[in-house]
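Structure first, commentary second.
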Amino acid sequence: MSKKPNIAVVVGGNSSEFIVSVKSGANVFNAVDTTKFTPWIVQIKGKKWEVFKNKEKIANIDKSDFTFELKGEKVSFAFAYITIHGTPGEDGILQAYFDLIQIPYSTGNAHTSALTFNKWFCNNYLRSFGIKMASSLKITKNDKIDSVEIASKLKLPLFIKPNAGGSSFGITKVKTVEEISLAIKKAQQESNEVLIEQFIDGQEFTCGVIQTGDEKIVLPVTEIITENEFFDFDAKYRPGAANEITPARLPKSQTKQCQRLSSEIYDLCECSGIARIDFILMNNEFYFLEVNTTPGMTETSFIPQQIKTMGLTLKEIITRIIEAKLA
């Protein structure tokens with residue numbers, strides 16, 4: 001068995017983002033420096049935790065210590081690179097498990113992950129530091145829905161989205177009172193809690209931040225242009241549905257403002273490794289949308305684009321993250 005540290009690239013998860021996560025994981029797996037580490041794909045779906053090699057399952061993970069058996073030998077992991085979008089990799093569940101069995105991992109801790117995954121909690125926490133964002137309401141399963149009251153409080157159009165989720169699943173842009181209850185039902189398929197947000201009419205931007213040990217890298221800003229109503233799942237993943245420009249066509253002062261805000265939010269949420277912060281620019285003000293603590297890492301995703309634009313490689317960044325956490 002290899003003497004190089006074994007790295008688990010953890011993919012899958014229990015949300016609608018399973019397929020996206022598998023693609024992200026494949027790209028991260030290919031970027032792991034095999035002269036220094038031995039990467040393995042660990043796929044999680046419900047109670048199935050499996051090790052894959054060349055897309056073939058080769059073993060089950062022993063959840064008591066996150067090991068597996070190969071040719072009669074026990075294989076242990078030195079590090080877990082989490083590329084699950086959604087539960088249990090983005091909401092703190094997996095982070096708490098790794099903390100318990102003392103395996104270092106690529107993201108912020110369980111507390112950070114739980115906070116940033118719950119949009120309502122994260123919004124209210126960041127709002128207390130003066131971060132600008134849309135006004136919002138939260139609806140839980142048992143709440144009585146008064147569409148007229150919702151529309152009068154937040155004004156149409158509105159965004160109705162799952163409180164916990166990602167990749168724009170279950171999001172609706174609502175323009176009439178009649179559409180509100182249907183949009184809430186759609187969001188409830190993804191999350192028990194639903195967030196209803198005031199529509200901020202502007203251009204969307206996103207910026208990645210990477211902390212590796214003492215070094216912090218604030219990546220170039222990406223500008224998102226889509227012909228869709230908003231940057232939905234189709235716009236994110238159908239080739240040609242959105243135009244992503246890195247670096248964004250912004251004046252230097254606004255680029256710096258977006259990067260400074262991203263860095264500040266990253267620190268306030270106590271992020272670690274790679275995180276991506278999304279904004280809408282309206283009337284020369286950046287309005288916070290969300291923090292992604294396990295952002296998309298497919299070849300066409302924002303973070304790999306931003307890393308490339310900066311003149312770095314994904315391999316360099318992944319190596320720095322692993323080495324900093326193993327130090």
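All residue names refer to the structure tokens as shown: chains lettered A, B, ... in order, residues numbered from 1 in each chain, ligands numbered from 1 in order.
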- Message: Which residues are near region 182-197 of chain A? Cut-off 7 Å, only C-alpha atoms, ignore same chain within fewer than 6 positions. Put them as a list in words.
- Response: Ala134, Ser135, Ser136, Leu137, Lys138, Ile139, Thr140, Lys141, Leu158, Phe159, Ile160, Lys161, Pro162, Asn163, Ala164, Gly165, Gly170, Ile171 and Thr172 of chain A
- Task: Please run DSSP on the backbone and report, as a VMD selection string, all residues within region 81-321 of chain A that come out as alpha helix (DSSP H).
- Result: chain A and resid 93 to 101 110 to 117 119 to 127 147 to 154 180 to 188 233 to 237 252 to 268 302 to 309 314 to 321
- Nearest to Arg320 (chain A) by atom-to-atom distance, counting only C-alpha atoms, from A:Thr83, A:Asn54, A:Ser106, A:Thr294: A:Ser106
- Query: Tell me, which residues of region 167-203 of chain A carry DSSP strand (DSSP E), written as a PyMOL selection string?
  - Reply: chain A and resi 172-174+194-198+203
- Residue contacts of Gly89 (chain A) (9 Å, only C-alpha atoms) excluding same-chain residues fewer than 4 positions away, as a list in words: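 Once the adjacent positions are removed, what remains is Val10, Val11, Gly12, Gly13, Ile82, Thr83, Ile84, His85, Ile93, Leu94, Gln95, Ser113 and Thr294 of chain A.
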Residues as selected, C-alpha atoms, written as a JSON list (two decimals), in the first residue's frame, can you do that?
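Result written to out-v4.json:
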```
[["chain", "number", "residue", "atom", "x", "y", "z"],
["A", 10, "VAL", "CA", -15.86, 13.07, -0.77],
["A", 11, "VAL", "CA", -18.70, 13.37, -3.30],
["A", 12, "GLY", "CA", -22.44, 12.77, -3.68],
["A", 13, "GLY", "CA", -24.70, 13.68, -0.80],
["A", 82, "ILE", "CA", -15.35, 17.68, 0.79],
["A", 83, "THR", "CA", -17.04, 18.42, -2.56],
["A", 84, "ILE", "CA", -20.61, 17.60, -1.51],
["A", 85, "HIS", "CA", -23.02, 20.44, -2.35],
["A", 93, "ILE", "CA", -22.97, 17.17, 9.50],
["A", 94, "LEU", "CA", -19.90, 15.68, 7.82],
["A", 95, "GLN", "CA", -17.62, 18.29, 9.39],
["A", 113, "SER", "CA", -21.05, 25.19, 7.63],
["A", 294, "THR", "CA", -18.31, 23.89, -0.85]]
```
- Rank nothing, just name the residue among A:Ile200, A:Val20, A:Ala151, A:Ile145 nearest to Val177 (chain A), using only C-alpha atoms. A:Ala151
Using only C-alpha atoms, what does the table of region 144-249 of chain A residues within 12 Å of region 261-278 of chain A look like, with each row giving the shortest atom pair and its distance in Å to one decimal, sorted by chain and ascending number, as a tab-separated table?
```
residue	atom	partner	partner_atom	distance
A:Gln203	CA	A:Asp278	CA	10.9
A:Glu204	CA	A:Asp278	CA	7.4
A:Phe205	CA	A:Asp278	CA	6.0
A:Thr206	CA	A:Asp278	CA	4.4
A:Cys207	CA	A:Ile277	CA	5.5
A:Gly208	CA	A:Arg276	CA	4.2
A:Val209	CA	A:Ala275	CA	5.5
A:Ile210	CA	A:Ile274	CA	4.5
A:Gln211	CA	A:Gly273	CA	5.1
A:Thr212	CA	A:Gly273	CA	6.2
A:Gly213	CA	A:Gly273	CA	8.9
A:Asp214	CA	A:Ser272	CA	11.0
A:Glu215	CA	A:Gly273	CA	10.5
A:Lys216	CA	A:Ser263	CA	8.9
A:Ile217	CA	A:Ser263	CA	8.9
A:Val218	CA	A:Ser263	CA	6.8
A:Leu219	CA	A:Arg276	CA	9.4
A:Pro220	CA	A:Ser262	CA	10.8
A:Val221	CA	A:Ser262	CA	9.7
A:Thr222	CA	A:Asp278	CA	9.6
A:Glu223	CA	A:Asp278	CA	10.2
A:Ile224	CA	A:Asp278	CA	10.3
A:Phe231	CA	A:Asp278	CA	11.2
```
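Closest approach to Lys325 (chain A) among A:Val32, A:Val174, A:Ile307, A:Ile103: A:Ile103, based on only C-alpha atoms.
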- Task: Tell me which protein, DNA and RNA residues are within 9 Å of Asn27 (chain A), counting only C-alpha atoms, leaving out same-chain ones fewer than 6 positions away, and put them as a ChimeraX atom specification.
- Result: /A:297-299
Keeping only C-alpha atoms, write the selected residues to a file as a tab-separated table (two decimals), in the first residue's frame.
```tsv
chain	number	residue	atom	x	y	z
A	297	MET	CA	-15.52	22.75	-8.72
A	298	THR	CA	-16.37	21.39	-12.18
A	299	GLU	CA	-14.09	22.56	-15.02
```
